[in-house]
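Q: Following this message is one structure expressed as structure tokens.
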Amino acid sequence: MRTPLYLGAFTLTLVALITPLTLDRPPEVASAAIDHGRLKKLPAGLARKFASMATFSPGAATLVEEVAGGTGAQDWLEHATPGLDIPYAAFAGARQAWLNLKARPAVGEGAWTPLGPVYGKGADNPYRDRSVYNSSTDNFSGRAIAAVIDPDCTGGDCRLWLANANGGVWMTPDALAAEPRWEFQSQTFEYNNVAALELDPNDSDANTIWAGTGEPNACGSGCTAGVGLYKSTNGGKSWQGPIGQPELAGRAVGSIAVQPGNSRVVFAASGRAVMGVSNTCCGGTDALIPGAPHFGLYRSLDGGSSWQLVSQGAANLCTSSSPDQVALNQTACSPRGARRVMFDPGDPNTVYVSFFSRGIWRSRNLGDSWEQIMPVVGAATSNAERAEFDVVELPGGETRMYVGVGGGGVFARFRRNDAVRNTAAAAAASSWVDLTSSNVANAAGYSSFGYCDGQCSYDNYVYVPPNAGPDTVYLLGDYEYNENNYVTGRSNGRGILLSTNAGVHFTDMTEDASDDRYPVQAHPDHHALVTNPQNWRQFFDVGDGGIIRSNGEFVNDAGDCAAVKAITNPARLAFCQLALSRIPERLEPINKGLRTLHFYQVDYNKANPDIITGGTQDNGSWETLGGDTWLNTNIADGGHNAYDALGGNPNFRMTAWQQGQIEVSFTPQNQTDVTWVSDSLFVFYGTEAVPFIGNAITDSVVPGRLWHGREHVFRAGNNGLNPAFPRQAVLDACNVWYGNGDIDGNGLYEASIDICDDFKPLGDPGTNGRLTAAIWGDRAGGTVSVVERGRDASTLWVATSLGRVFVSKNGDASDPSSVQFTRLDSQSTIDPPRYPTSIFVDPTDPNHAWITYSGFNVKTPATPGHVFEMRYDPASGQVSFANLDGHRINGFGDIPATSIVVSNRGTLYVGTDFGVVQKQKNSPVWHLPAAGLPNVTIADLVLVPERGVLYAATHGQGVWQLKVH
């Protein structure tokens with residue numbers, strides 16, 4: 001249905017579950033999912049099931065978007081508990097403690113080596129067609145936030161740099177190569193979360209590049225605070241920094257601008273961020289950092305040696321108030337800070353900057369004074385409205401500004417102003433032209449409607465390509481999941497949009513013309529875009545799936561709207577025909593070599609220790625294929641994955657999506673064999689809190705048993721499948737891709753009867769059985785953060801997010817309601833009321849375990865410590881805690897710990913916000929175990945005694961391995 005186009009032509013959400021769903025047709029490949037408005041896209045079978053469940057359980061938990069969302073993060077709660085804020089001194093102290101650890105000699109003889117994925121390979125899945133997202137994507141990498149390209153890019157010599165969230169700076173010497181070669185360049189950075197890159201326009205060789213650390217996008221997965229700026233004068237081969245620490249550390253730099261004609265003048269847009277990640281993570285709260293510097297727009301007049309705060313999105317600075325008061329929106333200034341800064345293309349003394357929830361401001365005297373040229377669109381009480389912009393010079397000497405703005409309770413829209421440089425501020429502020437319409441019958445205006453809705457504080461970008469003229473502009477947001485359905489859809493998702501008539505209407509660049517049903521699609525979440533300097537039609541889009549490149553040719557695909565998508569509604573059909581009248585001929589992911597997936601957790605197959613699986617942020621779950629190639633085995637955010645812990649069933653794998661959506665698979669490396677086993681968790685216990693990435697394990701003693709924590713601990717037998725029905729009936733009806741939910745085969749899906757799983761709560765099934773309940777005393781609330789098994793049949797260790805620790809000695813009781821827990825932390829005077837992140841149980845003694853805590857000693861000075869040893873006496877019911885952090889000089893330091901494993905020799909390996917440390921048995925000294933691992937957050941550690949290998953799951957640098965004794 002594609003015809004060549006010439007330039008002359010023109011979250012998935014489970015909400016509140018009684019009405020049975022009538023099943024009048026069998027499941028089929030690529031059948032249309034129910035249109036849930038702006039909810040997350042589901043495979044068709046599961047979408048139909050959820051539509052029925054939504055009437056059965058009022059008040060059930062909401063399954064949030066696949067991408068990290070909200071205004072804060074569970075990460076923050078992990079670090080802030082107790083309370084909701086973290087002193088800036090804690091961040092600074094943790095960095096210094098890490099530098100102290102790195103200064104000690106490593107004790108290991110080997111070195112860390114990357115395990116990949118270097119090639120994150122897409123899986124064959126006939127059900128994952130163009131209506132699901134990421135159809136035919138061959139290769140993936142992790143969340144990229146910014147990119148810059150050499151202005152002198154030519155074939156064979158086209159340098160492109162990209163910034164990865166927690167993965168650092170990467171560069172390819174030729175972005176136009178058939179398979180670009182990628183190089184990691186920020187090994188020396190103190191912290192590798194980078195969200196801003198800027199080439200110095202005064203360096204004709206394009207070797208001077210600035211990098212800003214920290215990520216100011218509002219998200220719940222690694223939008224972490226940074227340490228300031230770095231600068232390279234040799235194309236990223238070496239770096240100076242961190243620069244501007246007193247003003248920028250503890251915040252996030254989202255944009256940098258160097259004055260044309262004077263490299264000594266640099267602006268940096270600073271905003272709020274969070275810090276850290278563990279293997280149960282990511283939800284939502286606001287983040288305060290008492291003692292951290294003010295955030296806003298900073299200026300340096302001496303090349304970065306000194307910095308001055310020049311604007312905070314108000315007529316005057318708010319420095320007479322504390323930064324926390326600003327963050328709480330108690331002042332006139334932006335509560336989240338500056339997001340985008342640019343120089344005027346015709347006047348190097350004119351600067352523009354956008355602020356969260358404070359619109360866009362202009363200075364015509366290089367930052368000495370400021371005036372608002374675009375007011376906030378929504379309410380000033382919001383803290384999430386984000387305006388992104390770009391500027392281009394018009395033939396008459398004025399400057400045009402394009403703006404995409406959304407969030408904070410207003411629908412996303414696109415606007416234009418053709419006189420922002422010379423016009424008086426008040427006149428400019430009143431002369432914006434809104435080009436967006438919420439009426440699909442107005443096809444042109446609707447083409448930009450809601451382009452980033454739901455995630456504008458995370459996905460939003462505007463880009464005017466050089467050498468394309470003033471009427472050409474790209475607009476990036478998030479994938480509109482409900483628009484790419486068959487019959488009820490109206491576009492290809494509108495994640496990437498292009499206008500060549502000054503924003504009057506846009507066409508959809510989100511998928512290509514390679515196939516009617518399985519085209520190549522860009523990832524749903526988009527953060528930045530650059531174009532080939534010699535061909536603005538060829539773009540490089542970066543987002544949560546890494547980087548994807550177009551071939552620079554367009555085709556008209558409007559015929560697909562009726563012939564393939566089967567759209568019949570006249571208004572939607574007309575809109576679709578406009579949106580698809582120009583799409584990329586080819587899209588090509590170019591992620592091979594980018595080892596930047598953001599892992600939450602890993603496990604290995606006991607039947608074959610060389611096979612590894614793990615879940616990642618916004619890129620699903622993965623399994624090794626051999627070498628550094630991994631296969632994408634599940635979609636969405638990849639939750640906890642685990643094999644049969646006994647190794648008896650080498651083909652079994654537990655897998656998961658975000659918020660504790662547990663699934664199982666019985667066919668290795670097969671994305672279509674995924675069976676939903678979470679009905680009980682949502683139908684009957686949907687009101688229980690659960691982390692964005694919930695915990696789940698397989699049993700190390702009893703074959704086929706699964707464990708999962710929400711507020712209760714839940715246990716399932718039979719590999720999670722409901723034993724009340726024939727096994728094959730469950731597998732067929734509960735498959736997430738084609739199952740119809742009707743297990744008993746009566747033609748109806750009945751949510752309270754057709755239960756796919758065997759999960760039962762342990763202890764009292766009522767609210768008093770929750771391990772977070774007030775009936776247990778202090779430290780009430782939160783979620784179950786850790787569940788671990790002893791190597792006997794009965795012992796179960798559990799921790800909650802507010803610092804409770806429990807043990808059960810009858811976890812295997814045949815009647816789940818008879819399981820009893822003993823609270824342990826209340827017996828101790830030294831265990832901290834902070835977030836437990838990991839428990840490791842002694843394989844030889846189920847009453848002996850180690851536990852790690854996130855957070856900071858400065859929050860709990862009476863009970864410091866991050867690594868503890870616990871010994872429980874079942875006869876007396878008493879426990880002892882021993883703090884293993886050691887002395888201040890050679891000890892662990894005040895560094896949040898994320899995970900722990902213990903070798904047969906008694907060596908402790910602990911993951912932290914910055915890397916991995918170890919302590920040998922009977923030694924008080926903590927060291928790095930080896931060199932070679934970048935400074936990166938460790939989400940999980942797994943020890944493989946069969947191979948003498950330690951695996952480290954990083955949040956931004958893939959998986960690493962170390963030979964250990």
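Numbering starts fresh at 1 for the residues of each chain in the structure tokens, the chains themselves are lettered A, B, ... in the order given, and ligands are numbered from 1 as they appear.
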Write out as a tab-separated table the residues of range 809-888 of chain A that have any atom within 10 Å of an atom of range 761-764 of chain A, one row each with the nearest atom pair and its distance in Å to one decimal, counting only C-alpha atoms, sorted by chain and then rising number.
A:
residue	atom	partner	partner_atom	distance
A:Gly811	CA	A:Leu762	CA	7.9
A:Asp812	CA	A:Leu762	CA	9.8
A:Ala813	CA	A:Leu762	CA	9.3
A:Asp815	CA	A:Leu762	CA	8.6
A:Pro816	CA	A:Leu762	CA	4.9
A:Ser817	CA	A:Gly763	CA	4.1
A:Ser818	CA	A:Gly763	CA	5.5
A:Val819	CA	A:Gly763	CA	4.9
A:Gln820	CA	A:Gly763	CA	6.0
A:Phe821	CA	A:Gly763	CA	7.9
Q: Using only C-alpha atoms, find each residue of range 574-689 of chain A with at least one atom at most 12 Å away from an atom of range 741-750 of chain A; report its shortest atom-to-atom pair and that distance in Å (one decimal), sort the rows by chain and rising residue number, and return the result as a Markdown table.
A:
| residue | atom | partner | partner_atom | distance |
| --- | --- | --- | --- | --- |
| A:Thr675 | CA | A:Gly741 | CA | 10.8 |
| A:Trp676 | CA | A:Gly741 | CA | 9.6 |
| A:Val677 | CA | A:Gly741 | CA | 11.2 |
| A:Asp679 | CA | A:Gly741 | CA | 10.2 |
| A:Val683 | CA | A:Glu750 | CA | 10.9 |
Q: Determine which residues of range 454-694 of chain A receive a DSSP assignment of alpha helix (DSSP H), computed from the backbone, and state them as a list in words.
A: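 Restricting range 454-694 of chain A to alpha helix (DSSP H) produces Asp560, Cys561, Ala562, Ala563, Pro570, Ala571, Arg572, Leu573, Ala574, Phe575, Cys576, Gln577, Leu578, Ala579, Asp679, Ser680, Leu681, Phe682 and Val683 of chain A.
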Q: Skipping near chain neighbours, those fewer than 3 positions away, what residues fall within 9 Å of range 570-583 of chain A using only C-alpha atoms, listed as JSON, numbers by chain?
A: {"A": [5, 10, 440, 441, 442, 443, 444, 446, 447, 488, 489, 490, 491, 492, 494, 497, 498, 505, 506, 507, 508, 509, 510, 511, 512, 513, 553, 554, 555, 556, 557, 558, 559, 560, 561, 562, 566, 567, 586]}
Q: Give me a file of those residues, with N, CA, C and O atoms, as a short mmCIF file (atom, residue, chain, number, x, y, z; two decimals), in the first residue's frame.
A:
data_model
loop_
_atom_site.label_atom_id
_atom_site.label_comp_id
_atom_site.auth_asym_id
_atom_site.auth_seq_id
_atom_site.Cartn_x
_atom_site.Cartn_y
_atom_site.Cartn_z
N LEU A 5 6.92 9.07 -1.83
CA LEU A 5 6.47 10.43 -1.52
C LEU A 5 7.59 11.39 -1.87
O LEU A 5 8.71 11.25 -1.41
N PHE A 10 2.59 16.99 -1.04
CA PHE A 10 2.63 17.53 0.26
C PHE A 10 3.44 16.47 1.15
O PHE A 10 3.33 16.20 2.03
N VAL A 440 -10.86 15.34 16.54
CA VAL A 440 -10.24 14.53 15.50
C VAL A 440 -10.76 14.90 14.11
O VAL A 440 -10.09 14.64 13.09
N ALA A 441 -11.95 15.52 14.04
CA ALA A 441 -12.46 15.94 12.74
C ALA A 441 -11.63 17.07 12.15
O ALA A 441 -11.62 17.28 10.93
N ASN A 442 -10.91 17.80 12.99
CA ASN A 442 -9.94 18.79 12.52
C ASN A 442 -8.60 18.08 12.41
O ASN A 442 -7.78 18.12 13.31
N ALA A 443 -8.41 17.39 11.31
CA ALA A 443 -7.26 16.49 11.17
C ALA A 443 -5.93 17.20 11.37
O ALA A 443 -5.03 16.68 12.03
N ALA A 444 -5.80 18.38 10.78
CA ALA A 444 -4.53 19.09 10.89
C ALA A 444 -4.22 19.43 12.34
O ALA A 444 -3.12 19.16 12.85
N TYR A 446 -5.52 18.16 15.04
CA TYR A 446 -5.45 16.98 15.90
C TYR A 446 -4.12 16.25 15.78
O TYR A 446 -3.76 15.47 16.65
N SER A 447 -3.38 16.51 14.71
CA SER A 447 -2.13 15.77 14.50
C SER A 447 -1.10 16.03 15.59
O SER A 447 -0.18 15.24 15.78
N THR A 488 -10.37 0.67 15.45
CA THR A 488 -10.63 1.84 16.30
C THR A 488 -9.47 2.83 16.33
O THR A 488 -9.55 3.85 17.01
N GLY A 489 -8.38 2.55 15.63
CA GLY A 489 -7.21 3.41 15.68
C GLY A 489 -7.32 4.60 14.74
O GLY A 489 -8.34 4.84 14.09
N ARG A 490 -6.23 5.36 14.66
CA ARG A 490 -6.24 6.51 13.76
C ARG A 490 -4.85 7.00 13.39
O ARG A 490 -4.70 8.05 12.76
N SER A 491 -3.77 6.30 13.77
CA SER A 491 -2.42 6.72 13.39
C SER A 491 -1.48 5.55 13.59
O SER A 491 -1.90 4.43 13.87
N ASN A 492 -0.18 5.82 13.50
CA ASN A 492 0.83 4.82 13.82
C ASN A 492 1.38 5.01 15.23
O ASN A 492 2.41 4.44 15.57
N ARG A 494 2.04 8.14 16.73
CA ARG A 494 2.42 9.55 16.86
C ARG A 494 3.48 9.80 17.93
O ARG A 494 3.44 10.81 18.62
N LEU A 497 6.83 12.96 15.26
CA LEU A 497 6.02 13.70 14.29
C LEU A 497 6.89 14.67 13.51
O LEU A 497 7.90 15.17 14.03
N LEU A 498 6.49 14.95 12.27
CA LEU A 498 7.22 15.88 11.42
C LEU A 498 6.23 16.81 10.72
O LEU A 498 5.23 16.36 10.15
N HIS A 505 0.21 21.09 10.34
CA HIS A 505 -0.11 19.69 10.59
C HIS A 505 1.17 18.87 10.58
O HIS A 505 2.20 19.28 10.04
N PHE A 506 1.09 17.69 11.20
CA PHE A 506 2.22 16.78 11.32
C PHE A 506 1.87 15.44 10.70
O PHE A 506 0.69 15.04 10.66
N THR A 507 2.89 14.75 10.26
CA THR A 507 2.73 13.37 9.82
C THR A 507 3.53 12.47 10.75
O THR A 507 4.42 12.91 11.47
N ASP A 508 3.21 11.18 10.71
CA ASP A 508 3.65 10.24 11.73
C ASP A 508 4.91 9.49 11.29
O ASP A 508 4.89 8.76 10.30
N MET A 509 5.99 9.67 12.03
CA MET A 509 7.27 9.04 11.72
C MET A 509 7.56 7.82 12.59
O MET A 509 8.69 7.32 12.62
N THR A 510 6.57 7.30 13.32
CA THR A 510 6.81 6.33 14.37
C THR A 510 7.09 4.93 13.85
O THR A 510 7.74 4.13 14.53
N GLU A 511 6.59 4.59 12.67
CA GLU A 511 6.92 3.28 12.10
C GLU A 511 7.14 3.43 10.61
O GLU A 511 6.76 4.43 10.00
N ASP A 512 7.80 2.43 10.02
CA ASP A 512 8.22 2.57 8.63
C ASP A 512 7.29 1.80 7.69
O ASP A 512 6.27 1.25 8.09
N ALA A 513 7.69 1.76 6.43
CA ALA A 513 6.87 1.16 5.38
C ALA A 513 7.36 -0.22 4.98
O ALA A 513 7.05 -0.70 3.90
N GLU A 553 14.23 8.80 3.47
CA GLU A 553 13.25 8.80 2.39
C GLU A 553 11.85 8.64 3.00
O GLU A 553 11.68 7.97 4.02
N PHE A 554 10.87 9.24 2.36
CA PHE A 554 9.49 9.16 2.81
C PHE A 554 8.62 8.46 1.77
O PHE A 554 8.92 8.49 0.57
N VAL A 555 7.53 7.85 2.25
CA VAL A 555 6.53 7.28 1.36
C VAL A 555 5.15 7.65 1.88
O VAL A 555 4.98 8.01 3.05
N ASN A 556 4.17 7.56 1.01
CA ASN A 556 2.78 7.80 1.38
C ASN A 556 2.14 6.46 1.72
O ASN A 556 2.04 5.58 0.89
N ASP A 557 1.71 6.33 2.96
CA ASP A 557 1.14 5.07 3.43
C ASP A 557 -0.33 5.22 3.81
O ASP A 557 -0.88 4.41 4.56
N ALA A 558 -0.99 6.26 3.31
CA ALA A 558 -2.37 6.54 3.69
C ALA A 558 -3.31 5.40 3.33
O ALA A 558 -4.35 5.20 3.99
N GLY A 559 -2.95 4.61 2.33
CA GLY A 559 -3.81 3.50 1.93
C GLY A 559 -3.98 2.45 3.01
O GLY A 559 -4.97 1.72 3.03
N ASP A 560 -3.01 2.36 3.92
CA ASP A 560 -3.11 1.38 4.99
C ASP A 560 -4.26 1.66 5.96
O ASP A 560 -4.72 0.75 6.65
N CYS A 561 -4.69 2.91 6.03
CA CYS A 561 -5.72 3.27 7.01
C CYS A 561 -6.99 2.45 6.80
O CYS A 561 -7.60 1.98 7.77
N ALA A 562 -7.39 2.27 5.56
CA ALA A 562 -8.58 1.47 5.26
C ALA A 562 -8.22 0.04 4.96
O ALA A 562 -8.84 -0.90 5.47
N ALA A 566 -8.25 -1.08 8.68
CA ALA A 566 -9.70 -1.29 8.59
C ALA A 566 -10.48 -0.23 9.36
O ALA A 566 -11.50 -0.51 9.99
N ILE A 567 -10.01 1.01 9.29
CA ILE A 567 -10.71 2.11 9.94
C ILE A 567 -11.87 2.55 9.06
O ILE A 567 -11.70 2.77 7.86
N ARG A 586 12.16 3.58 5.67
CA ARG A 586 12.80 2.56 6.51
C ARG A 586 13.25 3.19 7.83
O ARG A 586 13.78 4.30 7.86
#
Q: Quick one: residues within 10 Å of range 115-126 of chain A, only C-alpha atoms, excluding same-chain residues fewer than 6 positions away - as a count of residues only?
A: 51
Q: Could you please determine the separation between CA of Ala178 in chain A and CA of Asp541 in chain A in Å, to one decimal place?
A: 16.5 Å
Q: If you measure from CA of Val376 in chain A to CA of Gly406 in chain A, what distance in Å do you get, rounded to one decimal?
A: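 Spanning CA of Val376 in chain A to CA of Gly406 in chain A is a straight-line distance of 9.9 Å.
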Q: Fewer than 6 positions away in the same chain doesn't count, so skip those; otherwise give me all residues within 9 Å of Gly694 in chain A, counting only C-alpha atoms, as JSON, numbers by chain.
A: {"A": [279, 280, 281, 639, 640, 656, 657, 658, 659, 660, 661, 708, 709, 710, 784, 785]}
Q: Would you save the residues of that selection, restricted to C-alpha atoms, as a PDB file, in the first residue's frame?
A:
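Printed below is again_22.pdb as written:
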ATOM      1  CA  ASN A 279      15.829  -4.468  42.463  1.00  0.00           C
ATOM      2  CA  THR A 280      12.428  -3.585  43.948  1.00  0.00           C
ATOM      3  CA  CYS A 281      11.847  -0.096  42.781  1.00  0.00           C
ATOM      4  CA  GLY A 639       9.956  -7.369  36.538  1.00  0.00           C
ATOM      5  CA  HIS A 640      11.636 -10.146  38.480  1.00  0.00           C
ATOM      6  CA  ALA A 656       6.890 -10.439  35.245  1.00  0.00           C
ATOM      7  CA  TRP A 657       5.730  -7.008  34.247  1.00  0.00           C
ATOM      8  CA  GLN A 658       5.675  -3.905  36.401  1.00  0.00           C
ATOM      9  CA  GLN A 659       3.728  -3.774  39.669  1.00  0.00           C
ATOM     10  CA  GLY A 660       3.915  -7.462  40.404  1.00  0.00           C
ATOM     11  CA  GLN A 661       2.210  -8.848  37.304  1.00  0.00           C
ATOM     12  CA  HIS A 708       5.741 -12.865  45.947  1.00  0.00           C
ATOM     13  CA  GLY A 709       5.398  -9.889  48.282  1.00  0.00           C
ATOM     14  CA  ARG A 710       2.886  -7.047  48.207  1.00  0.00           C
ATOM     15  CA  VAL A 784       7.025  -6.094  51.310  1.00  0.00           C
ATOM     16  CA  SER A 785      10.427  -5.225  49.877  1.00  0.00           C
TER      17      SER A 785
END
Q: By how many Å are CA of Ser186 in chain A and CA of Pro151 in chain A apart?
A: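 Spanning CA of Ser186 in chain A to CA of Pro151 in chain A is a straight-line distance of 21.9 Å.
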Q: Point out the residue among A:Met870, A:Leu884, A:Gly235, A:Ala97 with the least atom-to-atom distance to Gln920 in chain A, counting only C-alpha atoms.
A: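 Ranking A:Met870, A:Leu884, A:Gly235, A:Ala97 by distance to Gln920 in chain A, first place goes to A:Leu884.
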Q: Taking the chain letters and numbering used in this document, name the residues of range 749-921 of chain A that DSSP puts in strand (DSSP E or B), as a VMD selection string.
A: chain A and resid 749 757 760 to 761 784 to 789 796 to 800 805 to 808 822 to 823 836 to 841 848 to 853 867 to 873 878 to 883 897 to 902 908 to 912 916 to 919
Q: Nearest to Ala426 in chain A: which of A:Gly404, A:Pro929, A:Pro375, A:Pro864 is it, counting only C-alpha atoms?
A: A:Pro375
Q: Determine the nearest neighbour of Asn810 in chain A from the options A:Glu688, A:Asp515, A:Asp129, A:Asp792, counting only C-alpha atoms.
A: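 Under the stated criterion, the closest residue is A:Asp792.
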Q: With range 696-707 of chain A as the partner and 12 Å as the cut-off, tabulate the residues of range 522-636 of chain A that qualify, each row holding the nearest pair of atoms and their distance in Å to one decimal, using only C-alpha atoms, sorted by chain and rising number, as CSV.
A:
residue,atom,partner,partner_atom,distance
A:Gln601,CA,A:Ala696,CA,10.5
A:Val602,CA,A:Ile697,CA,11.1
A:Asp603,CA,A:Ile697,CA,9.7
A:Tyr604,CA,A:Thr698,CA,11.8
A:Asn605,CA,A:Thr698,CA,11.5
A:Lys606,CA,A:Ser700,CA,10.4
A:Gly615,CA,A:Ala696,CA,11.8
Q: Keeping only N, CA and C atoms, write the selected residues as a PDB file, in the first residue's frame.
A:
ATOM      1  N   GLN A 601      17.145  -6.699  37.822  1.00  0.00           N
ATOM      2  CA  GLN A 601      17.367  -7.960  38.531  1.00  0.00           C
ATOM      3  C   GLN A 601      17.846  -9.007  37.539  1.00  0.00           C
ATOM      4  N   VAL A 602      18.593 -10.003  38.028  1.00  0.00           N
ATOM      5  CA  VAL A 602      19.029 -11.112  37.180  1.00  0.00           C
ATOM      6  C   VAL A 602      18.922 -12.425  37.946  1.00  0.00           C
ATOM      7  N   ASP A 603      18.893 -13.535  37.198  1.00  0.00           N
ATOM      8  CA  ASP A 603      18.954 -14.872  37.770  1.00  0.00           C
ATOM      9  C   ASP A 603      19.622 -15.766  36.743  1.00  0.00           C
ATOM     10  N   TYR A 604      20.119 -16.922  37.200  1.00  0.00           N
ATOM     11  CA  TYR A 604      20.726 -17.864  36.269  1.00  0.00           C
ATOM     12  C   TYR A 604      20.011 -19.207  36.371  1.00  0.00           C
ATOM     13  N   ASN A 605      20.111 -19.990  35.301  1.00  0.00           N
ATOM     14  CA  ASN A 605      19.452 -21.278  35.211  1.00  0.00           C
ATOM     15  C   ASN A 605      20.315 -22.331  35.899  1.00  0.00           C
ATOM     16  N   LYS A 606      19.788 -22.912  36.981  1.00  0.00           N
ATOM     17  CA  LYS A 606      20.576 -23.891  37.743  1.00  0.00           C
ATOM     18  C   LYS A 606      20.886 -25.127  36.916  1.00  0.00           C
ATOM     19  N   GLY A 615      15.180  -8.682  34.136  1.00  0.00           N
ATOM     20  CA  GLY A 615      14.200  -7.687  33.729  1.00  0.00           C
ATOM     21  C   GLY A 615      14.823  -6.310  33.648  1.00  0.00           C
TER      22      GLY A 615
END
Q: Within 12 Å of Ala689 in chain A, counting only C-alpha atoms, which residues show up once you throw out same-chain ones fewer than 2 positions away? Write them as a compact mmCIF listing (two decimals) with C-alpha atoms, in the first residue's frame, please.
A:
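As written to disk, result01.txt reads:
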# COMPACT_ATOMS: atom_id res chain seq x y z
CA GLY A 59 -10.84 -0.08 44.16
CA ALA A 60 -8.30 -2.46 42.69
CA ALA A 61 -4.77 -1.24 42.20
CA THR A 62 -3.91 0.57 39.01
CA LEU A 63 -1.24 -0.90 36.77
CA GLY A 283 6.79 4.30 42.41
CA GLY A 284 6.09 7.89 43.32
CA GLN A 659 3.73 -3.77 39.67
CA GLY A 660 3.92 -7.46 40.40
CA LEU A 681 -3.28 -10.65 43.24
CA PHE A 682 -5.50 -8.14 41.43
CA TYR A 685 -5.96 -8.24 46.63
CA GLY A 686 -5.84 -5.38 44.19
CA THR A 687 -5.92 -2.77 46.94
CA PRO A 691 6.47 -1.56 44.28
CA PHE A 692 6.65 -0.65 40.60
CA ILE A 693 9.09 -3.54 40.25
CA GLY A 694 7.77 -6.05 42.77
CA GLY A 709 5.40 -9.89 48.28
CA ARG A 710 2.89 -7.05 48.21
CA GLU A 711 1.63 -6.24 51.71
CA HIS A 712 0.92 -9.88 52.36
CA VAL A 713 3.42 -12.51 51.30
CA THR A 767 -5.93 -6.77 56.35
CA ARG A 770 -0.53 -7.75 55.99
CA LEU A 771 3.02 -7.53 57.27
CA THR A 772 2.72 -3.78 56.84
CA ALA A 773 -0.36 -3.55 59.12
CA GLY A 781 2.91 0.89 56.11
CA GLY A 782 4.81 0.47 52.85
CA THR A 783 5.18 -2.82 51.03
CA VAL A 784 7.02 -6.09 51.31
CA SER A 785 10.43 -5.23 49.88
CA THR A 800 9.11 -4.47 54.54
CA SER A 801 10.00 -1.12 53.03
